[in-house]
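Containing compact mmCIF, C-alpha atoms: start-v3.txt.
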# COMPACT_ATOMS: atom_id res chain seq x y z
CA MET A 1 41.76 -18.71 -7.94
CA ASP A 2 44.57 -20.12 -5.85
CA VAL A 3 44.00 -23.89 -5.73
CA GLU A 4 47.07 -24.65 -3.61
CA ASN A 5 45.52 -23.16 -0.46
CA HIS A 6 42.35 -25.23 -0.66
CA PRO A 7 41.80 -28.84 0.42
CA VAL A 8 42.06 -31.33 -2.39
CA GLU A 9 40.06 -34.50 -2.94
CA PRO A 10 41.94 -37.79 -3.51
CA ASN A 11 41.69 -37.42 -7.29
CA GLY A 12 43.48 -34.05 -7.15
CA THR A 13 40.52 -31.71 -7.60
CA PRO A 14 39.66 -29.10 -4.98
CA HIS A 15 36.47 -29.46 -2.93
CA LEU A 16 33.77 -27.68 -4.87
CA ALA A 17 31.98 -26.06 -1.94
CA GLU A 18 35.20 -24.71 -0.44
CA ALA A 19 36.41 -23.45 -3.82
CA ARG A 20 33.15 -21.58 -4.35
CA ALA A 21 33.32 -20.17 -0.85
CA ALA A 22 36.78 -18.80 -1.58
CA GLU A 23 35.58 -17.14 -4.81
CA SER A 24 32.64 -15.22 -3.35
CA PRO A 25 32.54 -13.13 -0.18
CA PRO A 26 30.30 -14.40 2.60
CA VAL A 27 26.75 -13.12 2.49
CA GLU A 28 25.30 -11.96 5.77
CA ALA A 29 21.77 -12.97 6.58
CA PRO A 30 19.43 -9.98 6.71
CA THR A 31 18.58 -9.01 10.23
CA ARG A 32 14.96 -8.37 11.03
CA GLN A 33 14.46 -5.07 12.73
CA GLY A 34 11.40 -3.29 13.99
CA PRO A 35 9.37 -0.85 11.91
CA ASP A 36 11.10 2.19 10.49
CA PRO A 37 10.97 5.09 13.00
CA GLU A 38 10.16 7.51 10.17
CA SER A 39 7.10 5.51 9.08
CA VAL A 40 5.95 5.17 12.70
CA ARG A 41 6.21 8.93 13.12
CA LYS A 42 4.22 9.50 9.91
CA GLN A 43 1.52 7.06 11.04
CA ARG A 44 1.21 8.77 14.42
CA LYS A 45 0.97 12.15 12.70
CA MET A 46 -1.80 10.89 10.42
CA VAL A 47 -3.73 9.42 13.36
CA LEU A 48 -3.44 12.68 15.29
CA ILE A 49 -4.65 14.67 12.26
CA GLY A 50 -7.60 12.27 11.85
CA VAL A 51 -8.56 12.54 15.52
CA PHE A 52 -8.30 16.34 15.38
CA ALA A 53 -10.49 16.46 12.25
CA VAL A 54 -13.17 14.27 13.86
CA LEU A 55 -13.18 16.41 17.02
CA LEU A 56 -13.41 19.60 14.95
CA PHE A 57 -16.33 18.15 12.96
CA VAL A 58 -18.19 17.18 16.13
CA ALA A 59 -17.59 20.65 17.61
CA LEU A 60 -18.95 22.30 14.45
CA ILE A 61 -22.08 20.14 14.55
CA VAL A 62 -22.68 21.06 18.20
CA LEU A 63 -22.22 24.77 17.42
CA ALA A 64 -24.58 24.49 14.43
CA VAL A 65 -27.29 22.85 16.54
CA ILE A 66 -26.91 25.51 19.24
CA GLY A 67 -27.11 28.26 16.59
CA LEU A 68 -30.23 26.74 15.00
CA LEU A 69 -32.01 26.62 18.35
CA GLN A 70 -31.80 30.42 18.73
CA PRO A 71 -35.16 32.16 18.08
CA ALA A 72 -33.80 34.76 15.59
CA THR A 73 -32.09 32.23 13.28
CA PRO A 74 -33.24 32.37 9.60
CA THR A 75 -33.79 28.60 9.19
CA ASP A 76 -35.11 28.88 5.60
CA LYS A 77 -31.71 30.11 4.33
CA ILE A 78 -29.88 27.46 6.34
CA ARG A 79 -32.25 24.84 4.89
CA ASP A 80 -31.44 26.00 1.34
CA ILE A 81 -27.70 25.95 2.02
CA PHE A 82 -28.06 22.47 3.54
CA ILE A 83 -29.92 21.22 0.44
CA ILE A 84 -27.14 22.57 -1.78
CA PHE A 85 -24.57 20.90 0.46
CA MET A 86 -26.43 17.55 0.23
CA ALA A 87 -26.55 17.84 -3.59
CA LEU A 88 -22.78 18.39 -3.71
CA GLU A 89 -22.27 15.47 -1.34
CA SER A 90 -24.38 13.17 -3.54
CA LEU A 91 -22.26 14.21 -6.55
CA LEU A 92 -19.13 13.38 -4.58
CA ILE A 93 -20.54 10.00 -3.57
CA GLY A 94 -21.41 9.28 -7.21
CA LEU A 95 -17.85 10.12 -8.27
CA VAL A 96 -16.44 7.85 -5.57
CA LEU A 97 -18.74 5.03 -6.70
CA VAL A 98 -17.51 5.43 -10.30
CA ILE A 99 -13.90 5.22 -9.06
CA LEU A 100 -14.82 2.14 -7.01
CA ILE A 101 -16.36 0.45 -10.06
CA VAL A 102 -13.27 1.22 -12.16
CA GLN A 103 -10.99 -0.20 -9.45
CA LEU A 104 -13.18 -3.29 -9.19
CA ALA A 105 -12.95 -3.78 -12.96
CA ARG A 106 -9.15 -3.49 -12.76
CA LEU A 107 -9.09 -6.07 -9.95
CA ILE A 108 -11.20 -8.49 -11.98
CA ASN A 109 -8.90 -7.94 -14.97
CA LEU A 110 -5.87 -8.64 -12.76
CA LEU A 111 -7.41 -11.82 -11.42
CA GLN A 112 -8.35 -13.09 -14.87
CA ASN A 113 -5.18 -12.17 -16.75
CA ASP A 114 -2.43 -12.47 -14.13
CA ILE A 115 -3.52 -14.69 -11.28
CA LYS A 116 -5.48 -17.29 -13.28
CA PRO A 117 -2.50 -18.26 -15.52
CA ILE A 118 -0.33 -18.60 -12.42
CA LEU A 119 -2.92 -20.87 -10.82
CA ASP A 120 -3.24 -22.90 -14.03
CA SER A 121 0.53 -23.31 -14.20
CA THR A 122 0.65 -24.34 -10.55
CA ASN A 123 -2.14 -26.85 -11.13
CA GLU A 124 -0.27 -28.30 -14.11
CA THR A 125 2.89 -28.58 -12.01
CA VAL A 126 1.02 -30.35 -9.22
CA ASN A 127 -0.50 -32.79 -11.71
CA THR A 128 2.96 -33.49 -13.16
CA LEU A 129 4.31 -34.04 -9.67
CA ARG A 130 1.41 -36.36 -8.89
CA GLY A 131 2.25 -38.40 -12.00
CA THR A 132 5.91 -38.53 -10.98
CA VAL A 133 5.02 -39.73 -7.50
CA ILE A 134 2.75 -42.44 -8.93
CA PHE A 135 5.51 -43.51 -11.34
CA LEU A 136 8.10 -43.69 -8.56
CA SER A 137 5.69 -45.55 -6.33
CA ASP A 138 4.93 -48.12 -9.02
CA ASN A 139 8.49 -48.58 -10.31
CA LEU A 140 10.66 -48.02 -7.25
CA THR A 141 8.86 -48.23 -3.95
CA GLU A 142 6.57 -51.16 -4.73
CA PRO A 143 9.38 -53.48 -5.96
CA ILE A 144 11.49 -52.62 -2.89
CA VAL A 145 8.58 -53.39 -0.59
CA LYS A 146 8.02 -56.70 -2.39
CA LEU A 147 11.74 -57.51 -2.10
CA ASN A 148 11.64 -56.74 1.62
CA GLU A 149 8.57 -58.95 1.99
CA PHE A 150 10.35 -61.76 0.18
CA LEU A 151 13.52 -61.38 2.27
CA ALA A 152 11.50 -61.30 5.50
CA ALA A 153 9.66 -64.44 4.42
CA MET A 154 12.94 -66.17 3.56
CA GLN A 155 14.41 -65.13 6.92
CA GLN A 156 11.38 -66.55 8.73
CA VAL A 157 11.61 -69.78 6.73
CA SER A 158 15.30 -70.10 7.56
CA LYS A 159 14.62 -69.47 11.25
CA THR A 160 11.86 -72.04 11.18
CA LEU A 161 14.00 -74.65 9.47
CA ARG A 162 17.05 -73.62 11.53
CA LEU A 163 19.31 -73.62 8.56
CA PHE A 164 21.54 -70.94 9.99
CA ARG A 165 22.34 -71.78 13.57
CA ARG A 166 24.16 -69.36 15.82
CA LYS A 167 27.25 -70.64 17.51
Encoding of this model in structure tokens:
Amino acid sequence: MDVENHPVEPNGTPHLAEARAAESPPVEAPTRQGPDPESVRKQRKMVLIGVFAVLLFVALIVLAVIGLLQPATPTDKIRDIFIIFMALESLLIGLVLVILIVQLARLINLLQNDIKPILDSTNETVNTLRGTVIFLSDNLTEPIVKLNEFLAAMQQVSKTLRLFRRK
């Protein structure tokens, strides 16, 4: 570090902030930009796929209802296929519920083992800070207020007695 090029305090030491600034390159503040165009494109693609899937599902339901209203349709076979489909759907719902319960258990575990100690530590810090504030209030602020009260009283007494007259 080249000390000769930096301002020097009266005692001969360089200014600390300027010396540190000379040692490290300046850090630019991060600029806040809009959302990433790639992620926006992916989100739009997913929305379009979802809308297309919903429209396709509605169209299939309409076609199925129209087909079932025809007089020559074997409804007993369609009923059996529909019952099988409902059984598979109930199995899928059961699997999803099991996954939901496992995820809920993991969330509860996270809250108990990770978040609760952080909250306890924060609570302990706040209590320590509260004690520090009470200590400072009792030992610093209160005596200063009492001194100011005393000086104000003395000033009022001196004005009343006119001990210090202005010329």
Report, as JSON, the axis-aligned box around all atoms of range 138-157 of chain A present in the file, extended by 8 Å on each side; give centre and edge lengths in Å to one decimal place.
{"center_x": 9.7, "center_y": -58.9, "center_z": -0.8, "size_x": 25.5, "size_y": 37.8, "size_z": 35.0}
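The interatomic distance for the pair CA of Thr128 in chain A and CA of Leu147 in chain A works out to 27.9 Å.
Note that CA of Phe82 in chain A and CA of Ala59 in chain A are 17.6 Å apart.
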Coordinates-based distance that separates CA of Leu111 in chain A from CA of Gly131 in chain A (Å, one decimal): 28.3 Å
Go through range 52-146 of chain A and flag each residue having an atom no more than 10 Å from range 150-163 of chain A; for those, report the closest pair of atoms plus their distance in Å to one decimal, using all atoms listed in the file, ordered by chain and rising number, as a tab-separated table.
residue	atom	partner	partner_atom	distance
A:Ile144	CA	A:Phe150	CA	9.7
A:Val145	CA	A:Phe150	CA	8.6
A:Lys146	CA	A:Phe150	CA	6.1
